[in-house]
$ cat my_file23.cif   # mmCIF, C-alpha atoms
data_final
#
loop_
_atom_site.label_atom_id
_atom_site.label_comp_id
_atom_site.auth_asym_id
_atom_site.auth_seq_id
_atom_site.Cartn_x
_atom_site.Cartn_y
_atom_site.Cartn_z
CA MET A 66 -77.49 -7.39 117.95
CA GLN A 67 -73.82 -7.04 117.14
CA VAL A 68 -71.28 -9.87 116.94
CA ARG A 69 -67.65 -9.10 116.13
CA VAL A 70 -64.78 -11.58 115.91
CA GLN A 71 -61.54 -9.70 115.41
CA GLN A 72 -57.79 -9.71 115.96
CA ASP A 73 -57.63 -6.01 116.75
CA ALA A 74 -57.92 -4.58 120.24
CA PHE A 75 -61.12 -2.85 121.28
CA ASP A 76 -61.88 -0.12 123.78
CA ALA A 77 -64.42 -1.58 126.20
CA GLY A 78 -65.29 1.87 127.57
CA ALA A 79 -65.97 3.34 124.15
CA GLU A 80 -67.96 0.27 123.11
CA LEU A 81 -70.07 0.55 126.24
CA ALA A 82 -70.62 4.30 125.80
CA GLY A 83 -72.00 3.68 122.30
CA PHE A 84 -73.98 0.56 123.22
CA ALA A 85 -77.76 1.05 123.08
CA SER A 86 -77.07 4.77 123.47
CA THR A 87 -79.86 5.80 121.10
CA ARG A 88 -82.49 3.98 123.18
CA THR A 89 -84.46 5.85 125.81
CA ASP A 90 -86.66 2.92 126.82
CA ILE A 91 -84.03 0.82 128.61
CA GLY A 92 -83.13 1.06 132.24
CA ALA A 93 -80.24 -1.39 132.51
CA VAL A 94 -76.98 -2.14 130.74
CA VAL A 95 -74.73 -4.96 132.01
CA SER A 96 -71.28 -5.66 130.59
CA PHE A 97 -68.48 -8.13 131.13
CA THR A 98 -64.92 -7.83 129.86
CA GLY A 99 -62.59 -10.83 129.82
CA ILE A 100 -58.89 -10.02 130.23
CA VAL A 101 -55.71 -12.04 129.64
CA ARG A 102 -54.63 -13.18 133.11
CA ASP A 103 -51.05 -13.92 134.14
CA THR A 104 -51.37 -15.63 137.51
CA ARG A 105 -47.80 -16.98 137.75
CA GLY A 106 -46.02 -13.98 136.30
CA ASP A 107 -44.45 -15.86 133.39
CA LEU A 108 -47.04 -15.50 130.64
CA GLN A 109 -45.66 -14.07 127.41
CA HIS A 110 -48.90 -14.19 125.54
CA MET A 111 -52.17 -16.00 125.16
CA LEU A 112 -52.67 -17.44 121.71
CA ILE A 113 -56.33 -17.66 120.76
CA GLU A 114 -57.29 -19.89 117.86
CA HIS A 115 -60.78 -20.04 116.40
CA TYR A 116 -62.83 -21.63 113.64
CA PRO A 117 -63.62 -18.83 111.15
CA GLY A 118 -67.18 -19.18 109.92
CA MET A 119 -68.40 -21.44 112.70
CA THR A 120 -67.33 -18.90 115.33
CA GLU A 121 -69.58 -16.15 113.99
CA ARG A 122 -72.49 -18.57 113.53
CA ALA A 123 -72.13 -20.06 117.01
CA ILE A 124 -71.96 -16.67 118.73
CA ALA A 125 -74.92 -15.32 116.76
CA ASP A 126 -76.88 -18.44 117.70
CA ILE A 127 -76.03 -18.00 121.40
CA ALA A 128 -77.01 -14.32 121.26
CA LYS A 129 -80.31 -15.23 119.57
CA GLN A 130 -81.03 -17.77 122.30
CA ALA A 131 -80.44 -15.06 124.91
CA ALA A 132 -82.78 -12.69 123.06
CA THR A 133 -85.45 -15.43 123.04
CA ARG A 134 -85.15 -16.09 126.77
CA TRP A 135 -85.06 -12.51 127.98
CA ALA A 136 -86.59 -9.26 126.75
CA LEU A 137 -83.39 -7.61 125.56
CA ALA A 138 -83.20 -4.26 123.81
CA ASP A 139 -79.72 -5.06 122.47
CA VAL A 140 -76.79 -7.48 122.71
CA LEU A 141 -73.12 -6.92 121.89
CA VAL A 142 -70.45 -9.64 121.72
CA ILE A 143 -66.84 -8.93 120.75
CA HIS A 144 -64.26 -11.75 120.85
CA ARG A 145 -60.64 -11.48 119.80
CA PHE A 146 -58.23 -14.05 118.41
CA GLY A 147 -54.48 -14.09 117.84
CA ALA A 148 -51.60 -13.45 120.26
CA LEU A 149 -52.78 -11.34 123.20
CA THR A 150 -50.53 -9.98 125.93
CA PRO A 151 -51.30 -10.09 129.68
CA GLY A 152 -53.78 -7.39 130.65
CA ALA A 153 -55.24 -7.14 127.15
CA PRO A 154 -58.99 -7.49 126.71
CA ILE A 155 -59.99 -10.83 125.14
CA MET A 156 -63.70 -10.33 124.79
CA MET A 157 -66.71 -8.44 126.04
CA VAL A 158 -70.45 -8.88 126.19
CA ALA A 159 -73.05 -6.22 126.88
CA THR A 160 -76.77 -6.60 127.32
CA ALA A 161 -79.45 -3.93 127.49
CA ALA A 162 -82.93 -4.41 128.92
CA GLN A 163 -85.68 -2.51 130.67
CA HIS A 164 -84.73 -3.98 134.03
CA ARG A 165 -81.45 -5.19 135.54
CA ALA A 166 -82.54 -8.78 136.26
CA GLU A 167 -82.88 -9.57 132.55
CA ALA A 168 -79.65 -7.77 131.65
CA PHE A 169 -77.63 -9.59 134.35
CA ALA A 170 -79.12 -13.02 133.59
CA ALA A 171 -78.62 -12.66 129.85
CA ALA A 172 -74.97 -11.57 130.27
CA ASP A 173 -74.35 -14.53 132.61
CA PHE A 174 -75.98 -16.92 130.12
CA LEU A 175 -73.95 -15.48 127.23
CA MET A 176 -70.69 -15.93 129.15
CA ASP A 177 -71.48 -19.53 130.13
CA TYR A 178 -72.28 -20.46 126.55
CA LEU A 179 -69.41 -18.53 124.93
CA LYS A 180 -67.02 -20.32 127.27
CA SER A 181 -68.03 -23.83 126.18
CA ARG A 182 -69.90 -23.50 122.86
CA ALA A 183 -68.03 -20.88 120.85
CA PRO A 184 -65.14 -22.49 118.92
CA PHE A 185 -62.15 -20.79 120.52
CA TRP A 186 -59.09 -22.46 122.00
CA LYS A 187 -56.51 -20.79 124.23
CA LYS A 188 -52.83 -21.58 124.43
CA GLU A 189 -50.65 -20.08 127.15
CA VAL A 190 -47.16 -19.29 125.89
CA THR A 191 -44.58 -18.85 128.66
CA LEU A 192 -40.78 -18.71 128.74
CA SER A 193 -40.74 -22.40 129.66
CA GLY A 194 -43.11 -23.61 126.96
CA ALA A 195 -46.64 -23.53 125.66
CA ASP A 196 -49.76 -25.34 126.87
CA TRP A 197 -53.32 -25.52 125.65
CA VAL A 198 -55.79 -24.39 128.30
CA ALA A 199 -58.02 -27.36 129.19
CA ALA A 200 -61.77 -26.90 129.43
CA LYS A 201 -63.04 -27.25 132.99
CA ASP A 202 -65.80 -29.65 134.03
CA ALA A 203 -67.32 -26.73 135.96
CA ASP A 204 -67.68 -24.77 132.70
CA GLU A 205 -69.66 -27.58 131.08
CA ALA A 206 -71.71 -28.05 134.26
CA ALA A 207 -72.53 -24.33 134.28
CA LEU A 208 -74.61 -24.82 131.11
CA LYS A 209 -77.05 -26.99 133.07
CA ARG A 210 -78.09 -23.94 135.08
CA TRP A 211 -79.96 -22.71 132.03
CA MET B 113 -64.98 -33.34 101.95
CA ASN B 114 -62.97 -30.75 103.81
CA VAL B 115 -61.66 -32.07 107.14
CA MET B 116 -60.35 -29.49 109.62
CA TYR B 117 -58.33 -29.79 112.81
CA PHE B 118 -57.94 -27.22 115.56
CA ALA B 119 -55.73 -26.62 118.62
CA TRP B 120 -53.76 -29.69 119.76
CA VAL B 121 -55.57 -31.93 117.27
CA ARG B 122 -54.09 -29.75 114.49
CA GLU B 123 -50.66 -29.90 116.12
CA ARG B 124 -50.69 -33.70 116.49
CA ILE B 125 -51.85 -34.31 112.94
CA GLY B 126 -49.56 -31.59 111.61
CA LEU B 127 -51.96 -29.76 109.32
CA PRO B 128 -54.97 -27.47 109.67
CA GLN B 129 -57.15 -29.06 107.00
CA GLU B 130 -57.22 -31.51 104.13
CA GLN B 131 -59.52 -32.75 101.40
CA ILE B 132 -60.56 -36.35 101.98
CA VAL B 133 -62.45 -38.65 99.66
CA THR B 134 -64.21 -41.20 101.80
CA ASP B 135 -67.00 -43.76 101.81
CA ALA B 136 -67.43 -43.36 105.57
CA GLN B 137 -71.11 -43.20 106.49
CA THR B 138 -70.61 -41.56 109.90
CA VAL B 139 -68.10 -39.39 111.72
CA ALA B 140 -66.99 -42.44 113.73
CA GLU B 141 -66.26 -44.34 110.50
CA LEU B 142 -64.24 -41.39 109.21
CA VAL B 143 -62.23 -41.36 112.46
CA ALA B 144 -61.55 -45.10 112.13
CA GLU B 145 -60.38 -44.53 108.56
CA LEU B 146 -58.02 -41.73 109.62
CA VAL B 147 -56.65 -43.67 112.59
CA ALA B 148 -55.77 -46.58 110.28
CA ARG B 149 -53.80 -44.24 108.01
CA GLU B 150 -50.86 -43.10 110.12
CA ASP B 151 -49.64 -42.90 113.71
CA ARG B 152 -50.16 -39.14 113.93
CA TYR B 153 -53.89 -39.62 113.35
CA ALA B 154 -53.97 -42.46 115.88
CA ALA B 155 -52.28 -40.12 118.39
CA ALA B 156 -54.77 -37.34 117.75
CA PHE B 157 -57.80 -39.61 118.02
CA ALA B 158 -56.48 -41.85 120.84
CA ASP B 159 -59.13 -40.64 123.30
CA ILE B 160 -62.30 -39.77 121.46
CA THR B 161 -63.98 -38.59 124.67
CA ALA B 162 -61.44 -35.72 124.75
CA LEU B 163 -62.63 -34.53 121.34
CA ARG B 164 -65.56 -32.67 119.89
CA VAL B 165 -66.75 -32.67 116.30
CA ALA B 166 -68.58 -30.16 114.14
CA VAL B 167 -70.37 -31.21 110.96
CA ASP B 168 -70.89 -28.35 108.49
CA GLN B 169 -70.01 -25.92 111.31
CA GLU B 170 -72.59 -27.29 113.79
CA LEU B 171 -71.61 -29.32 116.85
CA ALA B 172 -72.48 -32.97 116.28
CA ASP B 173 -72.08 -36.46 117.72
CA PHE B 174 -69.62 -39.05 116.50
CA ASP B 175 -72.50 -41.14 115.15
CA ALA B 176 -73.66 -38.24 112.93
CA PRO B 177 -74.20 -39.25 109.28
CA LEU B 178 -71.88 -37.83 106.62
CA ALA B 179 -74.19 -37.99 103.59
CA GLY B 180 -74.10 -34.62 101.81
CA VAL B 181 -71.68 -33.15 104.36
CA ARG B 182 -69.05 -30.72 103.04
CA GLU B 183 -66.99 -29.98 106.13
CA VAL B 184 -66.08 -31.90 109.28
CA ALA B 185 -63.94 -30.39 112.05
CA PHE B 186 -62.26 -32.07 115.01
CA PHE B 187 -61.11 -30.17 118.09
CA PRO B 188 -60.76 -30.32 121.86
CA PRO B 189 -63.50 -28.92 124.13
CA MET B 190 -63.78 -25.20 123.49
CA THR B 191 -62.30 -22.57 125.80
CA GLY B 192 -63.86 -19.28 124.79
CA GLY B 193 -64.68 -16.30 126.93
#

$ encode --input "my_file23.cif" --output "structure tokens"
Amino acid sequence: MQVRVQQDAFDAGAELAGFASTRTDIGAVVSFTGIVRDTRGDLQHMLIEHYPGMTERAIADIAKQAATRWALADVLVIHRFGALTPGAPIMMVATAAQHRAEAFAAADFLMDYLKSRAPFWKKEVTLSGADWVAAKDADEAALKRW
Amino acid sequence: MNVMYFAWVRERIGLPQEQIVTDAQTVAELVAELVAREDRYAAAFADITALRVAVDQELADFDAPLAGVREVAFFPPMTGG
């Protein structure tokens, strides 16, 4: 299990190529990459704040929960903080398992929990000002699926 | 204890963290103490339902006890991912 919280960019392709690559007993790798989205065309950057210390603990705890629920060969979570420009990767998760059902479910679970239980906050900075991104009720409701 | 603020809570209060000596028995009592201090705290804690709290880096409720606690953090609902 790997958890990385970092300001630096990462190469999702390279991360994925190296992920669980030494294992010959897994048949499925699922990954998700979150990207800074500029829907209105005025986003200068996305400022991501986090709670150093708690962030690493919370993500590790979420990853451990996933490993308890599903038979996973490996889990990778990378989450960035700082000022990120549109199109830049924010975070990625990857899960490896013998079969795809476990890998998909675990990745979905990880994303739902990272969204609402990992201490990150996003602020959209545009030419006309800056606004904190509000958590959505749907994100909290998504946790009830599990 | 160390009291930390994140996102718009930090902006409203105007600082990221501070050391507070308190007799508050619970998080809610600590909030009441802060609110009574200055308007900027009252503004940050105006709607407690819009806030979350972590006690020693674990999510907690506002009725959580503070005995032996070293760090309390206040922040809006998280938006990771």

$ closest_atom_pairs --input "my_file23.cif" --of "chain B" --to "chain A" --cutoff "8 Å" --atoms "only C-alpha atoms" --output "CSV"
residue,atom,partner,partner_atom,distance
B:Phe118,CA,A:Tyr116,CA,7.7
B:Ala119,CA,A:Trp186,CA,6.3
B:Trp120,CA,A:Trp197,CA,7.2
B:Gln169,CA,A:Met119,CA,5.0
B:Glu170,CA,A:Met119,CA,7.3
B:Pro189,CA,A:Ala200,CA,5.9
B:Met190,CA,A:Ser181,CA,5.2
B:Thr191,CA,A:Trp186,CA,5.0
B:Gly192,CA,A:Lys180,CA,4.1
B:Gly193,CA,A:Lys180,CA,4.7

$ resolve_selection --input "my_file23.cif" --expression "the PyMOL selection byres ((chain A and resi 68) around 8)" --output "VMD selection string"
chain A and resid 66 to 67 69 to 70 121 124 to 125 141 to 143

$ atom_distance --input "my_file23.cif" --atom1 "CA of Ala166 (chain B)" --atom2 "CA of Gln137 (chain B)"
15.3 Å

$ closest_residue --input "my_file23.cif" --among "B:Asn114, B:Thr138, B:Arg152, B:Ala144" --to "Gly126 (chain B)" --atoms "all atoms listed in the file"
B:Arg152

$ residues_around --input "my_file23.cif" --residues "Thr191 (chain A)" --least-positions-apart "3" --cutoff "8 Å" --atoms "all atoms listed in the file" --output "VMD selection string"
chain A and resid 107 to 110 194 to 195

$ atom_distance --input "my_file23.cif" --atom1 "CA of Arg88 (chain A)" --atom2 "CA of Ala170 (chain A)"
20.2 Å

$ closest_residue --input "my_file23.cif" --among "B:Val121, B:Met113, B:Pro128, B:Ala179" --to "Phe157 (chain B)" --atoms "only C-alpha atoms"
B:Val121

$ resolve_selection --input "my_file23.cif" --expression "the PyMOL selection byres ((chain A and resi 84) around 9)" --output "JSON, numbers by chain"
{"A": [79, 80, 81, 82, 83, 85, 86, 87, 94, 139, 140, 141, 159, 160, 161]}

$ closest_residue --input "my_file23.cif" --among "B:Ala185, B:Ala155, B:Ala172, B:Val115" --to "Ile132 (chain B)" --atoms "all atoms listed in the file"
B:Val115

$ closest_residue --input "my_file23.cif" --among "B:Val184, B:Val143, B:Val167, B:Ala176" --to "Met116 (chain B)" --atoms "only C-alpha atoms"
B:Val184

$ closest_residue --input "my_file23.cif" --among "B:Val165, B:Val181, B:Ala154, B:Leu171" --to "Thr134 (chain B)" --atoms "only C-alpha atoms"
B:Val181

$ atom_distance --input "my_file23.cif" --atom1 "CA of Asp168 (chain B)" --atom2 "CA of Tyr117 (chain B)"
13.4 Å

$ residues_near_point --input "my_file23.cif" --point "(-88.0, -8.7, 133.7)" --cutoff "12 Å" --atoms "all atoms listed in the file" --output "short mmCIF file (atom, residue, chain, number, x, y, z; two decimals) with C-alpha atoms, in the coordinates of the input"
data_model
loop_
_atom_site.label_atom_id
_atom_site.label_comp_id
_atom_site.auth_asym_id
_atom_site.auth_seq_id
_atom_site.Cartn_x
_atom_site.Cartn_y
_atom_site.Cartn_z
CA ILE A 91 -84.03 0.82 128.61
CA GLY A 92 -83.13 1.06 132.24
CA ALA A 93 -80.24 -1.39 132.51
CA ARG A 134 -85.15 -16.09 126.77
CA TRP A 135 -85.06 -12.51 127.98
CA ALA A 136 -86.59 -9.26 126.75
CA LEU A 137 -83.39 -7.61 125.56
CA ALA A 138 -83.20 -4.26 123.81
CA ALA A 161 -79.45 -3.93 127.49
CA ALA A 162 -82.93 -4.41 128.92
CA GLN A 163 -85.68 -2.51 130.67
CA HIS A 164 -84.73 -3.98 134.03
CA ARG A 165 -81.45 -5.19 135.54
CA ALA A 166 -82.54 -8.78 136.26
CA GLU A 167 -82.88 -9.57 132.55
CA ALA A 168 -79.65 -7.77 131.65
CA PHE A 169 -77.63 -9.59 134.35
CA ALA A 170 -79.12 -13.02 133.59
CA ALA A 171 -78.62 -12.66 129.85
#

$ closest_residue --input "my_file23.cif" --among "B:Glu123, B:Asp173, B:Glu183, B:Asp135" --to "Ile160 (chain B)" --atoms "all atoms listed in the file"
B:Asp173
